[in-house]
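Student: Pasting a structure below so you can have a look.
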Amino acid sequence: MQIKLSSNSNEKTIQIGKIIGENLHAKDVVLLVGDLSAGKTTFTKGLGLGLGVKKVINSPTFTIVKEYQGSNYKLYHLDLYRLNGLGDDFDLEEYFESDGVVVIEWPHQIEELIPSNYLEVDIRRIDENNREITITSHGKYYEDLLQRLNLC
Ligand SMILES: Nc1ncnc2c1ncn2[C@@H]1O[C@H](COP(=O)(O)OP(=O)(O)OP(=O)(O)O)[C@@H](O)[C@H]1O
Ligand SMILES: [Mg+2]
């Protein structure tokens, strides 16, 4: 299942993320796809709001992963932009096996580790303030999740 939405502001992108975040549970995986500055981290701020994260979510570019406590689950925000392939000093599988929600910017580098079911959010820049956000479910669990949401 695929839903296409348009966003004309940061706030709208955050709002869309928030609705999704409110419906996520432990072990859920969200992959964020899109060019530099498309709005992946902005969207993650919304996911965090929906999960009840109190801290401000910022880009984890220099740390690869940041961990936040939501009201029910942890949120692991991974940014793999600077990951140089699959080094053995960084145990990514640990996050998929954890009880938190896992959100990944630039996930293509670790394709072979990604579970077969996940939610994909593709953000495309139209112009300065406009984005096209395409949300695709991979697997029945995420199809059901998308169907429950009132996103349109
Ligand atoms: N509708 C919109 N939705 C999201 N961001 C927007 C929108 N309009 C403008 N922007 C701007 O685009 C930028 C998005 O930055 P953000 O850090 O979220 O992108 P990113 O995809 O995470 O980038 P990176 O690849 O560097 O991690 C911000 O400066 C934000 O203000
Ligand atoms: Mg980012």
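As shown in the structure tokens, the chain order sets the letters A, B, ...; within each chain, residues go from 1, and ligands are also counted from 1 in the order they appear.
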Excluding range 122-132 of chain A and any residue of its chain fewer than 3 positions from it, enumerate the residues within 8 Å of it, using only C-alpha atoms, and give them as a PyMOL selection string.
Tutor: chain A and resi 4-10+32-35+38-40+135
Student: Distance limit 8 Å, reference ligand 2, atoms considered: only C-alpha atoms and all ligand atoms. Which residues make the cut? Give them as a list in words.
Tutor: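 After applying the 8 Å limit, what remains is Leu36, Ser37, Gly39, Lys40, Thr41, Thr42, Asn58, Ser59, Pro60, Thr61, Asp79 and Glu105 of chain A.
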Student: If you run DSSP on the backbone, which residues of chain A are alpha helix (DSSP H), as a PyMOL selection string?
Tutor: chain A and resi 10-21+40-51+93-96+140-148
Student: I'd like the contact shell of Gly52 in chain A - 10 Å cut-off, only C-alpha atoms, skipping same-chain residues fewer than 2 positions apart - returned as a list in words.
Tutor: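 With the cut-off at 10 Å, the set is Lys18, Gly21, Glu22, Gly46, Leu47, Gly48, Leu49, Gly50, Lys54, Lys55, Tyr68, Gln69, Gly70, Ser71, Asn72, Tyr73, Lys74 and Leu75 of chain A.
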Student: Mind listing the strand (DSSP E) residues of chain A, per DSSP on the backbone, as number ranges by chain?
Tutor: A: 2-7, 29-33, 65-69, 74-79, 101-105, 118-125, 131-138
Student: What's the 10 Å shell around Leu149 in chain A, counting only C-alpha atoms, without same-chain residues fewer than 3 positions away, as a PyMOL selection string?
Tutor: chain A and resi 19-20+22-23+144-146+152
Student: Those residues with N, CA and C atoms, as a CSV table (one decimal), in the first residue's frame please?
Tutor:
```csv
chain,number,residue,atom,x,y,z
A,19,ILE,N,1.5,11.6,13.5
A,19,ILE,CA,0.4,10.7,13.3
A,19,ILE,C,0.9,9.2,13.2
A,20,ILE,N,2.0,9.1,12.4
A,20,ILE,CA,2.6,7.8,12.3
A,20,ILE,C,3.2,7.3,13.6
A,22,GLU,N,2.4,8.0,16.6
A,22,GLU,CA,1.4,7.6,17.6
A,22,GLU,C,1.0,6.2,17.4
A,23,ASN,N,1.2,5.6,16.2
A,23,ASN,CA,0.8,4.3,15.9
A,23,ASN,C,1.9,3.3,15.8
A,144,ASP,N,-1.6,-2.9,7.3
A,144,ASP,CA,-2.7,-2.7,8.3
A,144,ASP,C,-2.5,-1.4,9.0
A,145,LEU,N,-1.3,-1.1,9.4
A,145,LEU,CA,-1.0,0.2,10.1
A,145,LEU,C,-1.4,1.4,9.3
A,146,LEU,N,-1.0,1.4,8.0
A,146,LEU,CA,-1.3,2.5,7.2
A,146,LEU,C,-2.8,2.6,7.0
A,152,CYS,N,-5.0,11.3,5.0
A,152,CYS,CA,-5.3,12.1,3.8
A,152,CYS,C,-6.0,13.4,4.1
```
Student: Would you mind telling me which residue in A:Phe43, A:Leu151, A:His25, A:Phe62 lies nearest to Ser98 in chain A when using only C-alpha atoms?
Tutor: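 The answer is A:His25, which sits nearest to Ser98 in chain A.
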Student: Counting only C-alpha atoms, figure out which residue out of A:Glu120, A:Pro107, A:Leu51, A:Glu97 gets nearest to Leu80 in chain A.
Tutor: A:Pro107
Student: Considering only C-alpha atoms, can you say which of A:Leu31, A:Gln147, A:Asp91, A:Gly139 comes closest to His108 in chain A?
Tutor: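 Comparing A:Leu31, A:Gln147, A:Asp91, A:Gly139 against His108 in chain A, the winner is A:Leu31.
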Student: Would you mind reading off the distance between CA of Glu67 in chain A and CA of Phe96 in chain A, one decimal, in Å?
Tutor: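 Separation of CA of Glu67 in chain A and CA of Phe96 in chain A: 13.3 Å.
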Student: I'd like the interatomic distance between CA of Ser116 in chain A and atom 5 (N, counted along the ligand's line) of ligand 1, to a tenth of an Å.
Tutor: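 So the answer is 28.0 Å.
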